$ cat protein-v7.cif   # mmCIF, C-alpha atoms
data_final
#
loop_
_atom_site.label_atom_id
_atom_site.label_comp_id
_atom_site.auth_asym_id
_atom_site.auth_seq_id
_atom_site.Cartn_x
_atom_site.Cartn_y
_atom_site.Cartn_z
CA LEU A 1 20.04 54.65 -43.23
CA THR A 2 18.80 54.53 -39.66
CA SER A 3 16.25 52.43 -37.77
CA SER A 4 13.54 54.78 -39.06
CA SER A 5 14.26 53.43 -42.56
CA CYS A 6 13.26 49.91 -41.55
CA PRO A 7 9.57 50.06 -42.49
CA ALA A 8 10.58 50.79 -46.08
CA LEU A 9 13.23 48.06 -45.95
CA ALA A 10 10.63 45.65 -44.56
CA THR A 11 8.43 46.25 -47.58
CA VAL A 12 11.32 45.46 -49.90
CA ILE A 13 12.20 42.28 -47.98
CA SER A 14 8.63 41.03 -47.92
CA GLY A 15 8.43 41.71 -51.66
CA GLY A 16 10.89 38.90 -52.35
CA LEU A 17 14.31 40.53 -52.23
CA GLN A 18 17.06 37.88 -52.11
CA ALA A 19 20.10 39.96 -51.10
CA LEU A 20 20.39 43.06 -48.97
CA LEU A 21 23.65 44.92 -48.35
CA LEU A 22 23.34 47.61 -45.69
CA ASP A 23 26.97 47.96 -44.60
CA GLY A 24 28.11 51.25 -43.12
CA ASN A 25 24.75 52.62 -42.05
CA ARG A 26 23.31 53.34 -38.59
CA LEU A 27 20.48 50.85 -38.26
CA GLN A 28 21.50 50.01 -34.69
CA SER A 29 19.89 47.25 -32.65
CA HIS A 30 16.36 48.65 -33.03
CA GLY A 31 16.67 48.58 -36.80
CA PHE A 32 18.05 45.04 -36.79
CA GLU A 33 15.19 43.94 -34.56
CA ALA A 34 12.66 45.41 -37.00
CA LEU A 35 14.30 43.63 -39.92
CA CYS A 36 14.37 40.34 -38.00
CA LYS A 37 10.64 40.57 -37.24
CA VAL A 38 9.88 40.97 -40.93
CA MET A 39 12.19 38.14 -41.93
CA MET A 40 10.56 35.80 -39.39
CA VAL A 41 7.08 36.27 -40.83
CA SER A 42 7.88 36.84 -44.49
CA LYS A 43 7.22 33.94 -46.79
CA ARG A 44 9.77 35.37 -49.20
CA ALA A 45 13.33 34.14 -48.95
CA LEU A 46 16.05 36.66 -48.15
CA ARG A 47 19.21 34.63 -48.69
CA TRP A 48 21.98 37.15 -48.06
CA LEU A 49 22.01 39.92 -45.47
CA SER A 50 24.98 42.12 -44.63
CA LEU A 51 24.77 44.60 -41.77
CA ALA A 52 28.47 45.20 -41.19
CA ASP A 53 29.36 48.43 -39.39
CA ASN A 54 25.83 49.42 -38.34
CA GLU A 55 26.36 50.21 -34.66
CA LEU A 56 24.72 46.92 -33.66
CA GLY A 57 25.03 45.75 -30.07
CA HIS A 58 22.81 44.09 -27.50
CA PRO A 59 20.59 42.06 -28.17
CA CYS A 60 21.65 41.35 -31.76
CA GLY A 61 23.10 37.90 -31.06
CA SER A 62 19.79 36.78 -29.57
CA LEU A 63 17.86 38.36 -32.44
CA ALA A 64 20.03 36.58 -35.00
CA ALA A 65 19.48 33.31 -33.15
CA ASP A 66 15.72 33.86 -33.23
CA LEU A 67 15.87 34.21 -37.01
CA PHE A 68 16.98 30.61 -37.29
CA VAL A 69 14.73 29.19 -34.56
CA GLN A 70 11.40 30.85 -35.28
CA GLY A 71 11.67 31.82 -38.90
CA GLN A 72 13.39 28.71 -40.20
CA SER A 73 15.53 31.19 -42.02
CA SER A 74 16.48 30.81 -45.67
CA LEU A 75 19.62 32.91 -45.06
CA LYS A 76 22.80 31.49 -46.52
CA GLU A 77 25.03 34.41 -45.51
CA LEU A 78 24.70 36.78 -42.57
CA SER A 79 27.26 39.46 -41.87
CA LEU A 80 27.23 41.21 -38.51
CA ALA A 81 30.91 42.16 -38.78
CA VAL A 82 32.43 45.38 -37.42
CA ASN A 83 29.73 45.80 -34.77
CA SER A 84 29.87 45.91 -30.97
CA ILE A 85 28.15 42.58 -30.47
CA SER A 86 29.36 41.11 -27.18
CA SER A 87 30.99 37.74 -26.79
CA GLY A 88 27.96 36.57 -24.77
CA GLU A 89 25.61 37.53 -27.59
CA ILE A 90 27.85 35.77 -30.10
CA ALA A 91 27.92 32.65 -27.92
CA CYS A 92 24.10 32.72 -27.65
CA PHE A 93 23.80 32.87 -31.43
CA LEU A 94 26.31 30.08 -32.00
CA ARG A 95 24.73 27.86 -29.30
CA THR A 96 21.43 28.17 -31.11
CA LEU A 97 22.99 27.16 -34.43
CA ALA A 98 24.63 24.17 -32.75
CA LYS A 99 21.32 23.03 -31.21
CA LEU A 100 19.56 23.30 -34.55
CA SER A 101 22.28 21.35 -36.35
CA VAL A 102 21.86 23.46 -39.48
CA SER A 103 22.69 21.14 -42.36
CA GLU A 104 22.72 23.61 -45.24
CA ASP A 105 25.62 25.87 -46.20
CA LEU A 106 25.71 28.92 -43.99
CA TYR A 107 28.35 31.67 -43.72
CA ILE A 108 28.29 33.80 -40.57
CA ASP A 109 30.59 36.83 -40.58
CA LEU A 110 31.38 38.05 -37.06
CA ALA A 111 34.73 39.62 -37.94
CA GLN A 112 35.85 42.54 -35.80
CA THR A 113 33.17 42.02 -33.17
CA ALA A 114 33.78 41.76 -29.43
CA ALA A 115 34.23 37.96 -29.48
CA GLN A 116 36.26 36.70 -26.52
CA PRO A 117 38.11 33.37 -26.12
CA GLN A 118 35.13 31.85 -24.28
CA ALA A 119 33.14 32.00 -27.56
CA LEU A 120 35.57 29.62 -29.28
CA PRO A 121 34.31 26.33 -27.76
CA THR A 122 30.77 27.30 -28.78
CA ALA A 123 31.97 28.12 -32.30
CA ALA A 124 33.78 24.79 -32.49
CA LYS A 125 30.68 22.92 -31.31
CA ALA A 126 28.45 24.72 -33.82
CA ILE A 127 30.86 23.89 -36.64
CA ALA A 128 31.07 20.25 -35.57
CA ARG A 129 27.27 19.90 -35.56
CA CYS A 130 26.57 21.93 -38.70
CA PRO A 131 28.40 20.45 -41.70
CA GLY A 132 28.02 23.51 -43.96
CA LEU A 133 28.72 26.21 -41.38
CA VAL A 134 31.62 28.64 -41.77
CA ILE A 135 32.23 31.26 -39.06
CA ASN A 136 34.46 34.29 -39.62
CA LEU A 137 36.00 35.75 -36.45
CA LYS A 138 38.90 37.53 -38.15
CA GLY A 139 40.06 40.72 -36.50
CA CYS A 140 38.48 40.07 -33.10
CA GLN A 141 41.13 41.69 -30.94
CA ALA A 142 40.62 39.49 -27.88
CA LEU A 143 41.34 36.29 -29.82
CA ALA A 144 45.07 35.90 -29.37
CA PRO A 145 46.92 32.94 -30.96
CA GLU A 146 47.35 31.18 -27.62
CA HIS A 147 43.54 30.92 -27.31
CA LEU A 148 43.10 29.37 -30.71
CA GLU A 149 45.31 26.31 -30.93
CA ALA A 150 43.16 23.99 -28.81
CA HIS A 151 40.10 24.75 -30.91
CA LEU A 152 41.54 24.90 -34.40
CA ASP A 153 43.23 21.49 -34.23
CA LYS A 154 39.89 19.69 -34.04
CA LEU A 155 38.11 21.58 -36.82
CA PRO A 156 38.06 20.97 -40.55
CA PRO A 157 40.21 23.56 -42.34
CA GLY A 158 38.48 26.72 -43.52
CA ARG A 159 35.44 26.43 -41.27
CA LEU A 160 36.55 28.81 -38.48
CA LEU A 161 38.29 31.85 -39.92
CA ILE A 162 40.51 33.74 -37.52
#
$ encode --input "protein-v7.cif" --output "structure tokens"
Amino acid sequence: LTSSSCPALATVISGGLQALLLDGNRLQSHGFEALCKVMMVSKRALRWLSLADNELGHPCGSLAADLFVQGQSSLKELSLAVNSISSGEIACFLRTLAKLSVSEDLYIDLAQTAAQPQALPTAAKAIARCPGLVINLKGCQALAPEHLEAHLDKLPPGRLLI
């Protein structure tokens, strides 16, 4: 699937779909933006969205953040893994989650993205403020063990996956 498939996907989402697995396609940032717009206005509750390996990049972190700010998202799991989302975009997304203090269970999969060590304090802050938040940063090549120790010691086990 590509971004041109998004109008059809939007119809399915607005029809009340609860889970959507689109891993391994080529939706790219334009396609993700189209899906986000639908999810922000849809009264139906998409609870699980996986867009791993979809050639997503800028501005997907900001778009994901907007889902939670404007749409009061019903998402419980969001996977943006194996995409070229920058560390700055990841930090923007996580800052937004921390500000909102999301209280419900939420799993964010950012494995194998371009997360850098500077995203770790933001991840730690988001986890501290959001009791049900779990963030997966496994396989992010720039996150070497020496960057992790200061952040992992303060977090409850199993909430930041690296």
$ closest_residue --input "protein-v7.cif" --among "A:Leu21, A:Val82, A:Cys6, A:Ala52" --to "Leu35 in chain A" --atoms "only C-alpha atoms"
A:Cys6
$ resolve_selection --input "protein-v7.cif" --expression "the PyMOL selection byres ((chain A and resi 73) around 12)" --output "VMD selection string"
chain A and resid 36 to 49 64 to 72 74 to 78 97 100 102 104 106
$ residues_around --input "protein-v7.cif" --residues "range 111-120 of chain A" --least-positions-apart "3" --cutoff "8 Å" --atoms "all atoms listed in the file" --output "number ranges by chain"
A: 80-88, 90-91, 123-124, 136-143, 147-148, 151
$ residues_around --input "protein-v7.cif" --residues "Leu9 in chain A" --least-positions-apart "4" --cutoff "10 Å" --atoms "all atoms listed in the file" --output "PyMOL selection string"
chain A and resi 1+3-5+13-15+17+20+31+34-35+38
$ closest_residue --input "protein-v7.cif" --among "A:Ala19, A:Val12, A:Ile162, A:Leu110" --to "Cys60 in chain A" --atoms "all atoms listed in the file"
A:Leu110
$ atom_distance --input "protein-v7.cif" --atom1 "CA of Cys92 in chain A" --atom2 "CA of Ala8 in chain A"
29.1 Å
$ resolve_selection --input "protein-v7.cif" --expression "the PyMOL selection byres ((chain A and resi 160) around 6)" --output "JSON, numbers by chain"
{"A": [134, 135, 136, 158, 159, 161]}
$ closest_residue --input "protein-v7.cif" --among "A:Ser101, A:Ser62, A:Gln18, A:Thr96" --to "Cys130 in chain A" --atoms "all atoms listed in the file"
A:Ser101
$ resolve_selection --input "protein-v7.cif" --expression "the PyMOL selection byres ((chain A and resi 27) around 6)" --output "PyMOL selection string"
chain A and resi 2-3+25-26+28+31+54
$ atom_distance --input "protein-v7.cif" --atom1 "CA of Phe93 in chain A" --atom2 "CA of Asp53 in chain A"
18.3 Å
$ atom_distance --input "protein-v7.cif" --atom1 "CA of His58 in chain A" --atom2 "CA of Glu89 in chain A"
7.1 Å
$ decode --input "protein-v7.cif" --residues "range 113-149 of chain A" --atoms "N, CA, C and O atoms" --output "short mmCIF file (atom, residue, chain, number, x, y, z; two decimals), in the first residue's frame"
data_model
loop_
_atom_site.label_atom_id
_atom_site.label_comp_id
_atom_site.auth_asym_id
_atom_site.auth_seq_id
_atom_site.Cartn_x
_atom_site.Cartn_y
_atom_site.Cartn_z
N THR A 113 14.27 2.94 15.25
CA THR A 113 14.14 4.27 14.66
C THR A 113 15.48 4.98 14.84
O THR A 113 16.45 4.37 15.27
N ALA A 114 15.52 6.26 14.56
CA ALA A 114 16.77 7.02 14.66
C ALA A 114 16.92 7.70 16.02
O ALA A 114 17.57 8.73 16.14
N ALA A 115 16.34 7.12 17.07
CA ALA A 115 16.45 7.71 18.41
C ALA A 115 17.91 7.85 18.82
O ALA A 115 18.71 6.94 18.63
N GLN A 116 18.22 9.00 19.37
CA GLN A 116 19.57 9.33 19.86
C GLN A 116 19.52 9.41 21.38
O GLN A 116 18.44 9.51 21.97
N PRO A 117 20.69 9.43 22.04
CA PRO A 117 20.71 9.50 23.51
C PRO A 117 19.93 10.68 24.09
O PRO A 117 19.35 10.58 25.17
N GLN A 118 19.86 11.81 23.38
CA GLN A 118 19.15 12.97 23.90
C GLN A 118 17.64 12.74 24.01
O GLN A 118 16.94 13.51 24.67
N ALA A 119 17.11 11.69 23.41
CA ALA A 119 15.69 11.37 23.55
C ALA A 119 15.39 10.63 24.86
O ALA A 119 14.25 10.59 25.30
N LEU A 120 16.42 10.09 25.50
CA LEU A 120 16.20 9.29 26.71
C LEU A 120 15.64 10.08 27.89
O LEU A 120 14.73 9.60 28.57
N PRO A 121 16.14 11.29 28.19
CA PRO A 121 15.53 12.04 29.30
C PRO A 121 14.04 12.33 29.06
O PRO A 121 13.23 12.29 29.99
N THR A 122 13.70 12.60 27.81
CA THR A 122 12.29 12.86 27.48
C THR A 122 11.46 11.59 27.66
O THR A 122 10.35 11.65 28.17
N ALA A 123 12.01 10.46 27.25
CA ALA A 123 11.32 9.18 27.44
C ALA A 123 11.13 8.90 28.92
O ALA A 123 10.04 8.50 29.35
N ALA A 124 12.16 9.14 29.71
CA ALA A 124 12.08 8.91 31.15
C ALA A 124 11.02 9.82 31.79
O ALA A 124 10.24 9.37 32.64
N LYS A 125 10.98 11.06 31.37
CA LYS A 125 9.99 12.01 31.91
C LYS A 125 8.58 11.58 31.53
O LYS A 125 7.66 11.62 32.35
N ALA A 126 8.39 11.17 30.28
CA ALA A 126 7.07 10.72 29.84
C ALA A 126 6.61 9.50 30.64
O ALA A 126 5.46 9.43 31.07
N ILE A 127 7.52 8.58 30.86
CA ILE A 127 7.18 7.37 31.62
C ILE A 127 6.85 7.73 33.08
O ILE A 127 5.92 7.19 33.66
N ALA A 128 7.61 8.65 33.64
CA ALA A 128 7.36 9.06 35.03
C ALA A 128 5.99 9.72 35.19
O ALA A 128 5.33 9.55 36.21
N ARG A 129 5.56 10.47 34.18
CA ARG A 129 4.29 11.19 34.27
C ARG A 129 3.08 10.40 33.79
O ARG A 129 1.95 10.79 34.03
N CYS A 130 3.34 9.32 33.06
CA CYS A 130 2.25 8.52 32.49
C CYS A 130 2.34 7.10 33.05
O CYS A 130 3.12 6.29 32.56
N PRO A 131 1.54 6.78 34.05
CA PRO A 131 1.69 5.51 34.76
C PRO A 131 1.53 4.25 33.91
O PRO A 131 2.10 3.22 34.22
N GLY A 132 0.79 4.30 32.82
CA GLY A 132 0.59 3.11 32.00
C GLY A 132 1.40 3.08 30.72
O GLY A 132 1.17 2.23 29.86
N LEU A 133 2.36 4.00 30.59
CA LEU A 133 3.12 4.12 29.34
C LEU A 133 4.31 3.18 29.31
O LEU A 133 5.09 3.11 30.26
N VAL A 134 4.44 2.45 28.18
CA VAL A 134 5.61 1.62 27.90
C VAL A 134 6.16 2.09 26.56
O VAL A 134 5.40 2.23 25.59
N ILE A 135 7.47 2.34 26.50
CA ILE A 135 8.12 2.80 25.28
C ILE A 135 9.18 1.78 24.88
O ILE A 135 10.04 1.43 25.68
N ASN A 136 9.11 1.33 23.64
CA ASN A 136 10.07 0.37 23.10
C ASN A 136 11.05 1.11 22.20
O ASN A 136 10.66 1.64 21.15
N LEU A 137 12.32 1.13 22.61
CA LEU A 137 13.40 1.72 21.80
C LEU A 137 14.45 0.67 21.45
O LEU A 137 15.60 1.00 21.19
N LYS A 138 14.06 -0.58 21.44
CA LYS A 138 15.01 -1.65 21.13
C LYS A 138 15.56 -1.48 19.72
O LYS A 138 14.84 -1.09 18.80
N GLY A 139 16.83 -1.77 19.56
CA GLY A 139 17.44 -1.77 18.24
C GLY A 139 17.78 -0.40 17.69
O GLY A 139 18.18 -0.30 16.53
N CYS A 140 17.64 0.65 18.47
CA CYS A 140 18.06 1.98 18.02
C CYS A 140 19.57 2.03 18.15
O CYS A 140 20.12 2.03 19.25
N GLN A 141 20.26 2.06 17.03
CA GLN A 141 21.70 1.88 17.00
C GLN A 141 22.48 2.91 17.80
O GLN A 141 23.55 2.63 18.32
N ALA A 142 21.98 4.12 17.91
CA ALA A 142 22.71 5.18 18.61
C ALA A 142 22.61 5.07 20.13
O ALA A 142 23.27 5.81 20.84
N LEU A 143 21.79 4.17 20.63
CA LEU A 143 21.60 4.05 22.07
C LEU A 143 22.54 2.98 22.62
O LEU A 143 22.18 1.81 22.77
N ALA A 144 23.74 3.40 22.92
CA ALA A 144 24.76 2.50 23.47
C ALA A 144 24.54 2.35 24.97
O ALA A 144 23.97 3.23 25.62
N PRO A 145 25.00 1.24 25.56
CA PRO A 145 24.79 0.99 26.99
C PRO A 145 25.24 2.13 27.90
O PRO A 145 24.61 2.41 28.90
N GLU A 146 26.30 2.82 27.56
CA GLU A 146 26.78 3.90 28.42
C GLU A 146 25.80 5.08 28.48
O GLU A 146 25.85 5.88 29.40
N HIS A 147 24.90 5.20 27.52
CA HIS A 147 23.90 6.26 27.54
C HIS A 147 22.68 5.90 28.39
O HIS A 147 21.89 6.77 28.74
N LEU A 148 22.54 4.64 28.68
CA LEU A 148 21.29 4.16 29.27
C LEU A 148 21.27 4.13 30.78
O LEU A 148 20.23 4.35 31.39
N GLU A 149 22.38 3.86 31.40
CA GLU A 149 22.41 3.58 32.83
C GLU A 149 21.76 4.68 33.67
O GLU A 149 20.99 4.41 34.57
#
